[in-house]
file work11.cif (mmCIF, C-alpha atoms)
data_coords
#
loop_
_atom_site.label_atom_id
_atom_site.label_comp_id
_atom_site.auth_asym_id
_atom_site.auth_seq_id
_atom_site.Cartn_x
_atom_site.Cartn_y
_atom_site.Cartn_z
CA MET A 1 53.77 81.37 1.71
CA GLU A 2 52.91 78.79 -0.97
CA LEU A 3 55.15 75.75 -1.08
CA ARG A 4 56.76 76.50 -4.44
CA ALA A 5 57.77 79.97 -3.28
CA LYS A 6 59.16 78.49 -0.08
CA ILE A 7 61.30 76.04 -2.04
CA ILE A 8 62.68 78.81 -4.25
CA LEU A 9 63.45 80.91 -1.17
CA LEU A 10 65.24 77.95 0.40
CA MET A 11 67.24 77.54 -2.79
CA ALA A 12 68.30 81.15 -2.68
CA LEU A 13 69.43 80.79 0.92
CA ILE A 14 70.90 77.31 1.16
CA ILE A 15 71.56 75.92 -2.30
CA ALA A 16 74.35 73.35 -2.24
CA VAL A 17 76.81 73.05 -5.09
CA THR A 18 79.19 70.18 -4.40
CA SER A 19 82.54 69.35 -5.91
CA PHE A 20 80.72 66.73 -7.99
CA GLY A 21 78.78 69.48 -9.79
CA VAL A 22 75.52 68.51 -8.12
CA VAL A 23 72.95 71.21 -7.40
CA GLY A 24 70.52 70.47 -4.61
CA VAL A 25 68.44 71.97 -1.86
CA TRP A 26 67.57 71.05 1.70
CA ILE A 27 63.91 70.08 2.16
CA VAL A 28 62.95 70.64 5.79
CA ARG A 29 60.72 68.23 7.68
CA ASP A 30 57.59 70.40 7.86
CA MET A 31 57.48 70.37 4.04
CA ILE A 32 57.00 66.57 3.80
CA THR A 33 54.01 66.01 6.09
CA SER A 34 51.56 65.05 3.34
CA PRO A 35 51.57 63.43 -0.13
CA THR A 36 50.25 66.68 -1.60
CA SER A 37 53.16 68.75 -0.32
CA ILE A 38 55.68 66.15 -1.53
CA ASP A 39 54.02 66.11 -4.96
CA GLU A 40 54.51 69.87 -5.19
CA ILE A 41 58.13 69.62 -4.03
CA VAL A 42 58.96 67.05 -6.70
CA ASP A 43 57.14 68.97 -9.46
CA THR A 44 59.00 72.15 -8.48
CA ALA A 45 62.34 70.34 -8.31
CA ILE A 46 61.82 68.98 -11.83
CA GLU A 47 60.81 72.43 -13.10
CA LEU A 48 63.89 74.04 -11.54
CA GLY A 49 66.26 71.36 -12.75
CA LEU A 50 67.50 70.19 -9.37
CA ASP A 51 69.81 67.17 -9.22
CA ARG A 52 69.43 66.29 -5.55
CA LEU A 53 67.07 66.81 -2.63
CA TYR A 54 68.44 66.65 0.91
CA VAL A 55 65.25 65.49 2.66
CA GLN A 56 65.10 65.89 6.43
CA VAL A 57 63.88 62.53 7.71
CA VAL A 58 65.28 62.81 11.26
CA GLY A 59 64.44 66.13 12.85
CA ARG A 60 64.53 66.12 16.65
CA ALA A 61 65.41 62.48 17.31
CA ASP A 62 62.09 61.60 15.67
CA ALA A 63 61.33 59.96 12.36
CA PHE A 64 59.80 60.91 9.02
CA TYR A 65 60.25 57.35 7.83
CA LYS A 66 59.23 53.93 9.14
CA SER A 67 61.63 53.47 12.05
CA ASP A 68 62.06 50.75 14.63
CA ILE A 69 64.40 53.03 16.60
CA LEU A 70 62.83 56.49 16.69
CA PRO A 71 59.30 57.61 17.52
CA ARG A 72 57.21 58.92 14.63
CA SER A 73 57.36 62.73 14.50
CA HIS A 74 54.51 64.64 16.13
CA LEU A 75 54.37 66.73 12.94
CA LEU A 76 52.81 63.68 11.25
CA LYS A 77 49.97 63.40 13.75
CA ASP A 78 47.38 64.45 11.14
CA SER A 79 48.72 62.06 8.50
CA PRO A 80 47.61 58.43 8.08
CA ASN A 81 49.66 56.00 10.16
CA ASN A 82 50.83 54.20 7.03
CA PHE A 83 52.15 57.41 5.41
CA ASP A 84 55.92 57.17 4.97
CA PRO A 85 57.36 60.53 3.80
CA LEU A 86 60.75 59.13 2.80
CA GLY A 87 59.26 56.14 1.02
CA TYR A 88 56.77 58.38 -0.78
CA ILE A 89 59.31 60.90 -2.05
CA LEU A 90 61.60 58.09 -3.22
CA GLU A 91 58.71 56.64 -5.23
CA LYS A 92 57.80 60.06 -6.66
CA THR A 93 61.36 60.79 -7.81
CA ARG A 94 61.92 57.38 -9.36
CA ASN A 95 62.93 57.78 -13.03
CA THR A 96 63.17 61.60 -12.71
CA GLY A 97 66.96 61.79 -12.35
CA ILE A 98 66.60 63.44 -8.95
CA LYS A 99 68.68 61.80 -6.22
CA ILE A 100 67.53 61.71 -2.62
CA SER A 101 69.83 62.20 0.36
CA ALA A 102 68.38 61.20 3.73
CA TRP A 103 69.16 64.19 5.95
CA MET A 104 69.39 63.50 9.67
CA ASN A 105 70.09 65.76 12.61
CA VAL A 106 72.63 63.82 14.63
CA PHE A 107 73.14 65.18 18.16
CA TYR A 108 70.39 67.83 18.26
CA ALA A 109 67.52 66.03 20.01
CA TRP A 110 64.77 68.48 21.05
CA PRO A 111 63.99 72.22 21.46
CA PHE A 112 64.13 73.91 24.86
CA GLY A 113 61.01 74.61 26.88
CA ASN A 114 59.07 71.35 26.69
CA LYS A 115 59.62 67.61 26.52
CA PRO A 116 58.62 65.08 23.83
CA GLU A 117 55.31 63.28 24.35
CA SER A 118 56.68 59.89 23.41
CA PRO A 119 58.18 57.93 26.31
CA ASN A 120 60.44 56.27 23.73
CA HIS A 121 62.05 59.53 22.70
CA ALA A 122 65.80 59.51 23.45
CA ILE A 123 65.78 62.34 25.98
CA ASN A 124 62.87 60.79 27.89
CA LYS A 125 64.23 57.27 27.76
CA HIS A 126 67.86 58.26 28.35
CA PRO A 127 68.10 61.67 30.06
CA GLU A 128 71.62 60.63 31.11
CA TRP A 129 72.67 60.93 27.44
CA VAL A 130 72.06 64.69 27.38
CA THR A 131 75.14 66.90 27.45
CA TYR A 132 76.05 69.20 30.36
CA ASP A 133 77.48 72.70 30.44
CA ALA A 134 80.78 73.64 32.07
CA LYS A 135 78.96 74.53 35.30
CA GLY A 136 77.65 70.98 35.63
CA TYR A 137 74.07 71.71 34.53
CA SER A 138 72.29 69.31 32.18
CA MET A 139 70.70 70.73 29.02
CA PHE A 140 67.72 68.52 29.86
CA ASN A 141 66.82 71.11 32.50
CA TYR A 142 67.32 74.21 30.35
CA GLU A 143 64.15 76.23 29.85
CA LYS A 144 65.51 78.49 27.11
CA ALA A 145 68.50 78.84 24.84
CA PRO A 146 71.73 80.42 26.09
CA ASP A 147 73.11 83.37 24.11
CA VAL A 148 75.42 81.29 21.91
CA ASN A 149 73.11 80.31 19.03
CA VAL A 150 72.24 76.96 20.59
CA PRO A 151 68.85 75.77 19.26
CA GLY A 152 67.98 73.09 21.79
CA ILE A 153 68.95 69.98 23.73
CA PHE A 154 71.91 67.95 22.44
CA LEU A 155 72.98 64.41 23.17
CA ASP A 156 76.59 64.20 24.31
CA PRO A 157 78.98 62.92 21.59
CA GLY A 158 81.40 61.68 24.26
CA ILE A 159 79.01 58.93 25.39
CA ASP A 160 79.66 55.70 23.52
CA ASP A 161 76.00 54.65 23.69
CA VAL A 162 75.08 57.93 21.99
CA LYS A 163 77.54 57.22 19.18
CA GLU A 164 76.02 53.77 18.70
CA PHE A 165 72.48 55.19 18.84
CA VAL A 166 72.96 57.82 16.14
CA ALA A 167 74.95 55.41 13.98
CA SER A 168 72.14 52.84 14.25
CA ILE A 169 69.69 55.43 12.90
CA ALA A 170 71.87 56.07 9.86
CA GLU A 171 72.29 52.33 9.34
CA GLU A 172 68.55 51.72 9.58
CA ILE A 173 67.84 54.26 6.83
CA ALA A 174 70.68 52.93 4.66
CA ARG A 175 69.40 49.36 5.08
CA LYS A 176 65.70 50.01 4.56
CA TYR A 177 65.65 52.65 1.82
CA ASP A 178 67.07 53.07 -1.66
CA VAL A 179 68.69 56.42 -0.94
CA GLY A 180 72.01 57.37 -2.47
CA GLU A 181 73.48 58.72 0.71
CA ILE A 182 72.97 59.72 4.32
CA HIS A 183 73.41 63.45 4.98
CA LEU A 184 74.45 64.52 8.49
CA ASP A 185 73.60 67.77 10.24
CA TYR A 186 74.33 68.99 13.77
CA ILE A 187 77.26 66.58 13.79
CA ARG A 188 79.02 68.68 16.42
CA TYR A 189 78.74 70.07 19.93
CA PRO A 190 76.22 72.84 20.56
CA TYR A 191 79.07 75.11 21.72
CA ARG A 192 82.47 74.77 23.34
CA THR A 193 80.93 75.37 26.79
CA PHE A 194 79.15 71.99 26.54
CA GLY A 195 80.31 68.39 26.67
CA TYR A 196 80.73 68.11 30.44
CA ASN A 197 78.43 65.17 31.08
CA PRO A 198 79.69 63.50 34.28
CA SER A 199 80.20 60.15 32.56
CA VAL A 200 82.24 61.84 29.85
CA MET A 201 84.40 63.66 32.37
CA LYS A 202 85.10 60.31 34.01
CA LYS A 203 86.00 58.90 30.60
CA PHE A 204 88.28 61.87 29.90
CA ARG A 205 90.15 61.40 33.18
CA LYS A 206 90.61 57.69 32.43
CA TRP A 207 91.84 58.54 28.92
CA THR A 208 94.32 61.04 30.37
CA ARG A 209 95.70 58.58 32.89
CA GLN A 210 96.12 55.97 30.17
CA ALA A 211 97.89 58.45 27.89
CA LEU A 212 100.31 59.29 30.70
CA LYS A 213 100.90 55.62 31.42
CA GLU A 214 101.64 54.87 27.77
CA GLY A 215 103.93 57.88 27.43
CA LYS A 216 101.74 59.59 24.83
CA ILE A 217 101.83 62.73 26.97
CA LYS A 218 104.34 63.79 29.62
CA SER A 219 102.07 65.86 31.85
CA PHE A 220 98.48 66.94 32.36
CA ALA A 221 99.47 70.28 30.84
CA GLU A 222 99.57 68.59 27.43
CA VAL A 223 95.99 67.38 27.70
CA SER A 224 93.38 69.22 25.64
CA PHE A 225 89.72 68.69 26.45
CA ASP A 226 88.91 70.42 23.16
CA ASP A 227 90.94 67.83 21.24
CA PHE A 228 89.26 65.06 23.21
CA ARG A 229 85.81 66.37 22.31
CA ARG A 230 86.68 66.87 18.65
CA GLU A 231 87.83 63.26 18.58
CA GLN A 232 84.43 62.13 19.95
CA VAL A 233 82.73 63.74 16.95
CA ASN A 234 85.37 62.32 14.58
CA GLN A 235 84.74 58.83 15.94
CA THR A 236 81.00 59.25 15.42
CA VAL A 237 81.45 60.21 11.78
CA LYS A 238 83.80 57.28 11.25
CA LEU A 239 81.33 54.86 12.87
CA ILE A 240 78.43 56.11 10.75
CA LYS A 241 80.55 55.79 7.61
CA GLU A 242 81.36 52.17 8.48
CA LYS A 243 77.67 51.44 9.05
CA VAL A 244 76.27 52.95 5.86
CA GLU A 245 78.96 51.93 3.39
CA LYS A 246 78.06 48.29 4.08
CA TYR A 247 74.90 49.06 2.11
CA GLY A 248 76.70 50.92 -0.67
CA LYS A 249 75.62 54.35 0.56
CA LYS A 250 77.68 57.53 0.56
CA LEU A 251 77.98 59.91 3.51
CA SER A 252 77.88 63.70 3.44
CA ALA A 253 77.49 66.42 6.07
CA ALA A 254 76.44 70.03 6.46
CA VAL A 255 79.24 71.89 8.26
CA PHE A 256 80.15 75.35 9.48
CA PRO A 257 81.95 77.01 6.55
CA TYR A 258 84.08 79.33 8.72
CA TYR A 259 86.68 76.87 9.94
CA PRO A 260 87.74 78.67 13.16
CA GLU A 261 84.12 78.65 14.32
CA ALA A 262 83.68 75.00 13.35
CA HIS A 263 86.95 73.87 14.94
CA ASP A 264 87.14 76.08 18.04
CA ASP A 265 83.53 76.84 18.97
CA ARG A 266 81.61 73.78 17.73
CA LEU A 267 84.40 71.17 18.02
CA GLN A 268 83.74 70.15 14.40
CA ASP A 269 87.00 69.20 12.68
CA TRP A 270 85.53 68.43 9.28
CA PRO A 271 88.79 68.67 7.26
CA THR A 272 89.99 65.63 9.22
CA TRP A 273 86.86 63.72 8.14
CA ILE A 274 87.77 64.37 4.52
CA LYS A 275 91.47 63.67 4.96
CA LYS A 276 90.88 60.33 6.69
CA GLY A 277 88.07 59.22 4.40
CA TYR A 278 85.38 59.31 7.08
CA ILE A 279 83.08 61.17 4.71
CA ASP A 280 82.57 61.54 0.97
CA TYR A 281 81.98 65.29 0.88
CA VAL A 282 80.76 68.23 2.95
CA VAL A 283 78.23 70.93 2.18
CA LEU A 284 79.25 74.34 3.50
#
call {"tool": "encode", "arguments": {"input": "work11.cif", "output": "structure tokens"}}
result
Amino acid sequence: MELRAKIILLMALIIAVTSFGVVGVWIVRDMITSPTSIDEIVDTAIELGLDRLYVQVVGRADAFYKSDILPRSHLLKDSPNNFDPLGYILEKTRNTGIKISAWMNVFYAWPFGNKPESPNHAINKHPEWVTYDAKGYSMFNYEKAPDVNVPGIFLDPGIDDVKEFVASIAEEIARKYDVGEIHLDYIRYPYRTFGYNPSVMKKFRKWTRQALKEGKIKSFAEVSFDDFRREQVNQTVKLIKEKVEKYGKKLSAAVFPYYPEAHDDRLQDWPTWIKKGYIDYVVL
């Protein structure tokens, strides 16, 4: 399929109309692997009258920009080492009226079935950051996806070092590039049956004991592991917001539109993000 047709198809499937009246489209990472493909994207966006491009610059804990934190994506292996997809598309859209949102996958780190080549990739460098299922099995050792629409290996939101890691990525982009906003995706758990990393379970037990001691709860029966996990995601969004707004950047996120699925199955309480000012807007 030619690139222009692919963009139009993506528009038909995932066009985003925000409360600000902005019309945009998500540009996936395999569409920005060369200057030629980016040229065609920008020309098509101008022709179609798009206001904003959500450009995927962090795919699987790897970078489509010049990063000091993440390894360069393997999808750029045939591109010159000095090619910077985010920098190039920002230059191409300058003076066009098209705004660029830097789209990053947050907790989704790698597909099942193989491991990243780079020793500096997060799941190679920190396998202890990967989330566990309720049976005590790390996703790092999964060979294929379970039957719950889980695309790959996730980092565990309950680990404080993971929160700091993903927030540092957002901050790096906000600091280095003249983007209008950072756009979050996979800012959630893979499914409610995950989040049982041993270090997180230890943290949850400590949190429960402290809540009992302070009189916030009267018994263990009042404790909700679901609420605890939702709060881990909430804290991540809040931390990212604090990091990027220092550089005058907005924060948005792609979220599950059906709230019961978002809240109950993916532990993604996005209305709270809006209510508490952790985020500027969401894209359903």
call {"tool": "resolve_selection", "arguments": {"input": "work11.cif", "expression": "the PyMOL selection byres ((chain A and resi 243) around 8)", "output": "list in words"}}
result
Ala167, Ser168, Ala170, Glu171, Leu239, Ile240, Lys241, Glu242, Val244, Glu245, Lys246 and Tyr247 of chain A
call {"tool": "closest_residue", "arguments": {"input": "work11.cif", "among": "A:His126, A:Lys238, A:Lys144, A:Arg229", "to": "A:Val162", "atoms": "only C-alpha atoms"}}
result
A:His126
call {"tool": "residues_around", "arguments": {"input": "work11.cif", "residues": "A:Met104", "least_positions_apart": "2", "cutoff": "8 Å", "atoms": "all atoms listed in the file", "output": "MDAnalysis selection string"}}
result
chainID A and resid 56:59 102 106 170 182:185
call {"tool": "resolve_selection", "arguments": {"input": "work11.cif", "expression": "the PyMOL selection byres ((chain A and resi 110) around 7)", "output": "ChimeraX atom specification"}}
result
/A:60,108-109,111-112,152-153
call {"tool": "atom_distance", "arguments": {"input": "work11.cif", "atom1": "atom CA of A:Phe154", "atom2": "atom CA of A:Thr131"}}
result
6.1 Å
call {"tool": "atom_distance", "arguments": {"input": "work11.cif", "atom1": "atom CA of A:Arg72", "atom2": "atom CA of A:Asn124"}}
result
14.5 Å
call {"tool": "closest_residue", "arguments": {"input": "work11.cif", "among": "A:Ser67, A:Asn95, A:Ser73, A:Asn114", "to": "A:Val42", "atoms": "only C-alpha atoms"}}
result
A:Asn95
call {"tool": "closest_residue", "arguments": {"input": "work11.cif", "among": "A:Ala254, A:Glu181, A:Thr272, A:Asp265", "to": "A:Leu284", "atoms": "only C-alpha atoms"}}
result
A:Ala254
call {"tool": "resolve_selection", "arguments": {"input": "work11.cif", "expression": "the PyMOL selection byres ((chain A and resi 137) around 12)", "output": "JSON, numbers by chain"}}
result
{"A": [128, 130, 131, 132, 133, 134, 135, 136, 138, 139, 140, 141, 142, 143, 193, 194, 195, 196, 197, 198]}
call {"tool": "residues_around", "arguments": {"input": "work11.cif", "residues": "A:Val223", "least_positions_apart": "4", "cutoff": "12 Å", "atoms": "all atoms listed in the file", "output": "PDB file with C-alpha atoms, in the frame of the given file"}}
result
ATOM      1  CA  PHE A 204      88.280  61.870  29.900  1.00  0.00           C
ATOM      2  CA  ARG A 205      90.150  61.400  33.180  1.00  0.00           C
ATOM      3  CA  TRP A 207      91.840  58.540  28.920  1.00  0.00           C
ATOM      4  CA  THR A 208      94.320  61.040  30.370  1.00  0.00           C
ATOM      5  CA  ARG A 209      95.700  58.580  32.890  1.00  0.00           C
ATOM      6  CA  GLN A 210      96.120  55.970  30.170  1.00  0.00           C
ATOM      7  CA  ALA A 211      97.890  58.450  27.890  1.00  0.00           C
ATOM      8  CA  LEU A 212     100.310  59.290  30.700  1.00  0.00           C
ATOM      9  CA  LYS A 216     101.740  59.590  24.830  1.00  0.00           C
ATOM     10  CA  ILE A 217     101.830  62.730  26.970  1.00  0.00           C
ATOM     11  CA  LYS A 218     104.340  63.790  29.620  1.00  0.00           C
ATOM     12  CA  SER A 219     102.070  65.860  31.850  1.00  0.00           C
ATOM     13  CA  ASP A 227      90.940  67.830  21.240  1.00  0.00           C
ATOM     14  CA  PHE A 228      89.260  65.060  23.210  1.00  0.00           C
ATOM     15  CA  ARG A 229      85.810  66.370  22.310  1.00  0.00           C
TER      16      ARG A 229
END
call {"tool": "atom_distance", "arguments": {"input": "work11.cif", "atom1": "atom CA of A:Asn105", "atom2": "atom CA of A:Val55"}}
result
11.1 Å
call {"tool": "build_atoms", "arguments": {"input": "work11.cif", "residues": "stretch 189-212 of chain A", "atoms": "N, CA and C atoms", "output": "PDB file, keeping the file's coordinate frame"}}
result
ATOM      1  N   TYR A 189      79.233  69.634  18.619  1.00  0.00           N
ATOM      2  CA  TYR A 189      78.740  70.070  19.930  1.00  0.00           C
ATOM      3  C   TYR A 189      77.911  71.333  19.751  1.00  0.00           C
ATOM      4  N   PRO A 190      76.989  71.606  20.681  1.00  0.00           N
ATOM      5  CA  PRO A 190      76.220  72.840  20.560  1.00  0.00           C
ATOM      6  C   PRO A 190      77.099  74.082  20.667  1.00  0.00           C
ATOM      7  N   TYR A 191      78.104  74.021  21.553  1.00  0.00           N
ATOM      8  CA  TYR A 191      79.070  75.110  21.720  1.00  0.00           C
ATOM      9  C   TYR A 191      80.188  74.579  22.604  1.00  0.00           C
ATOM     10  N   ARG A 192      81.296  75.273  22.616  1.00  0.00           N
ATOM     11  CA  ARG A 192      82.470  74.770  23.340  1.00  0.00           C
ATOM     12  C   ARG A 192      82.261  74.726  24.864  1.00  0.00           C
ATOM     13  N   THR A 193      81.223  75.395  25.355  1.00  0.00           N
ATOM     14  CA  THR A 193      80.930  75.370  26.790  1.00  0.00           C
ATOM     15  C   THR A 193      80.105  74.148  27.193  1.00  0.00           C
ATOM     16  N   PHE A 194      79.889  73.215  26.254  1.00  0.00           N
ATOM     17  CA  PHE A 194      79.150  71.990  26.540  1.00  0.00           C
ATOM     18  C   PHE A 194      80.035  70.767  26.294  1.00  0.00           C
ATOM     19  N   GLY A 195      79.553  69.628  26.798  1.00  0.00           N
ATOM     20  CA  GLY A 195      80.310  68.390  26.670  1.00  0.00           C
ATOM     21  C   GLY A 195      80.807  67.869  27.998  1.00  0.00           C
ATOM     22  N   TYR A 196      80.243  68.417  29.085  1.00  0.00           N
ATOM     23  CA  TYR A 196      80.730  68.110  30.440  1.00  0.00           C
ATOM     24  C   TYR A 196      79.819  67.119  31.170  1.00  0.00           C
ATOM     25  N   ASN A 197      79.211  66.224  30.434  1.00  0.00           N
ATOM     26  CA  ASN A 197      78.430  65.170  31.080  1.00  0.00           C
ATOM     27  C   ASN A 197      79.326  64.423  32.066  1.00  0.00           C
ATOM     28  N   PRO A 198      78.837  64.147  33.271  1.00  0.00           N
ATOM     29  CA  PRO A 198      79.690  63.500  34.280  1.00  0.00           C
ATOM     30  C   PRO A 198      80.349  62.211  33.804  1.00  0.00           C
ATOM     31  N   SER A 199      79.613  61.400  33.049  1.00  0.00           N
ATOM     32  CA  SER A 199      80.200  60.150  32.560  1.00  0.00           C
ATOM     33  C   SER A 199      81.319  60.407  31.566  1.00  0.00           C
ATOM     34  N   VAL A 200      81.194  61.500  30.812  1.00  0.00           N
ATOM     35  CA  VAL A 200      82.240  61.840  29.850  1.00  0.00           C
ATOM     36  C   VAL A 200      83.476  62.382  30.563  1.00  0.00           C
ATOM     37  N   MET A 201      83.261  63.156  31.610  1.00  0.00           N
ATOM     38  CA  MET A 201      84.400  63.660  32.370  1.00  0.00           C
ATOM     39  C   MET A 201      85.166  62.501  33.004  1.00  0.00           C
ATOM     40  N   LYS A 202      84.454  61.503  33.467  1.00  0.00           N
ATOM     41  CA  LYS A 202      85.100  60.310  34.010  1.00  0.00           C
ATOM     42  C   LYS A 202      85.902  59.602  32.916  1.00  0.00           C
ATOM     43  N   LYS A 203      85.322  59.514  31.738  1.00  0.00           N
ATOM     44  CA  LYS A 203      86.000  58.900  30.600  1.00  0.00           C
ATOM     45  C   LYS A 203      87.243  59.692  30.211  1.00  0.00           C
ATOM     46  N   PHE A 204      87.148  61.016  30.248  1.00  0.00           N
ATOM     47  CA  PHE A 204      88.280  61.870  29.900  1.00  0.00           C
ATOM     48  C   PHE A 204      89.422  61.688  30.896  1.00  0.00           C
ATOM     49  N   ARG A 205      89.105  61.606  32.170  1.00  0.00           N
ATOM     50  CA  ARG A 205      90.150  61.400  33.180  1.00  0.00           C
ATOM     51  C   ARG A 205      90.833  60.042  32.989  1.00  0.00           C
ATOM     52  N   LYS A 206      90.039  59.027  32.672  1.00  0.00           N
ATOM     53  CA  LYS A 206      90.610  57.690  32.430  1.00  0.00           C
ATOM     54  C   LYS A 206      91.512  57.724  31.197  1.00  0.00           C
ATOM     55  N   TRP A 207      91.056  58.403  30.161  1.00  0.00           N
ATOM     56  CA  TRP A 207      91.840  58.540  28.920  1.00  0.00           C
ATOM     57  C   TRP A 207      93.155  59.257  29.198  1.00  0.00           C
ATOM     58  N   THR A 208      93.116  60.280  30.040  1.00  0.00           N
ATOM     59  CA  THR A 208      94.320  61.040  30.370  1.00  0.00           C
ATOM     60  C   THR A 208      95.321  60.179  31.134  1.00  0.00           C
ATOM     61  N   ARG A 209      94.809  59.449  32.112  1.00  0.00           N
ATOM     62  CA  ARG A 209      95.700  58.580  32.890  1.00  0.00           C
ATOM     63  C   ARG A 209      96.355  57.520  32.003  1.00  0.00           C
ATOM     64  N   GLN A 210      95.575  56.983  31.064  1.00  0.00           N
ATOM     65  CA  GLN A 210      96.120  55.970  30.170  1.00  0.00           C
ATOM     66  C   GLN A 210      97.171  56.562  29.233  1.00  0.00           C
ATOM     67  N   ALA A 211      96.924  57.785  28.766  1.00  0.00           N
ATOM     68  CA  ALA A 211      97.890  58.450  27.890  1.00  0.00           C
ATOM     69  C   ALA A 211      99.199  58.720  28.615  1.00  0.00           C
ATOM     70  N   LEU A 212      99.102  59.098  29.891  1.00  0.00           N
ATOM     71  CA  LEU A 212     100.310  59.290  30.700  1.00  0.00           C
ATOM     72  C   LEU A 212     101.050  57.973  30.901  1.00  0.00           C
TER      73      LEU A 212
END
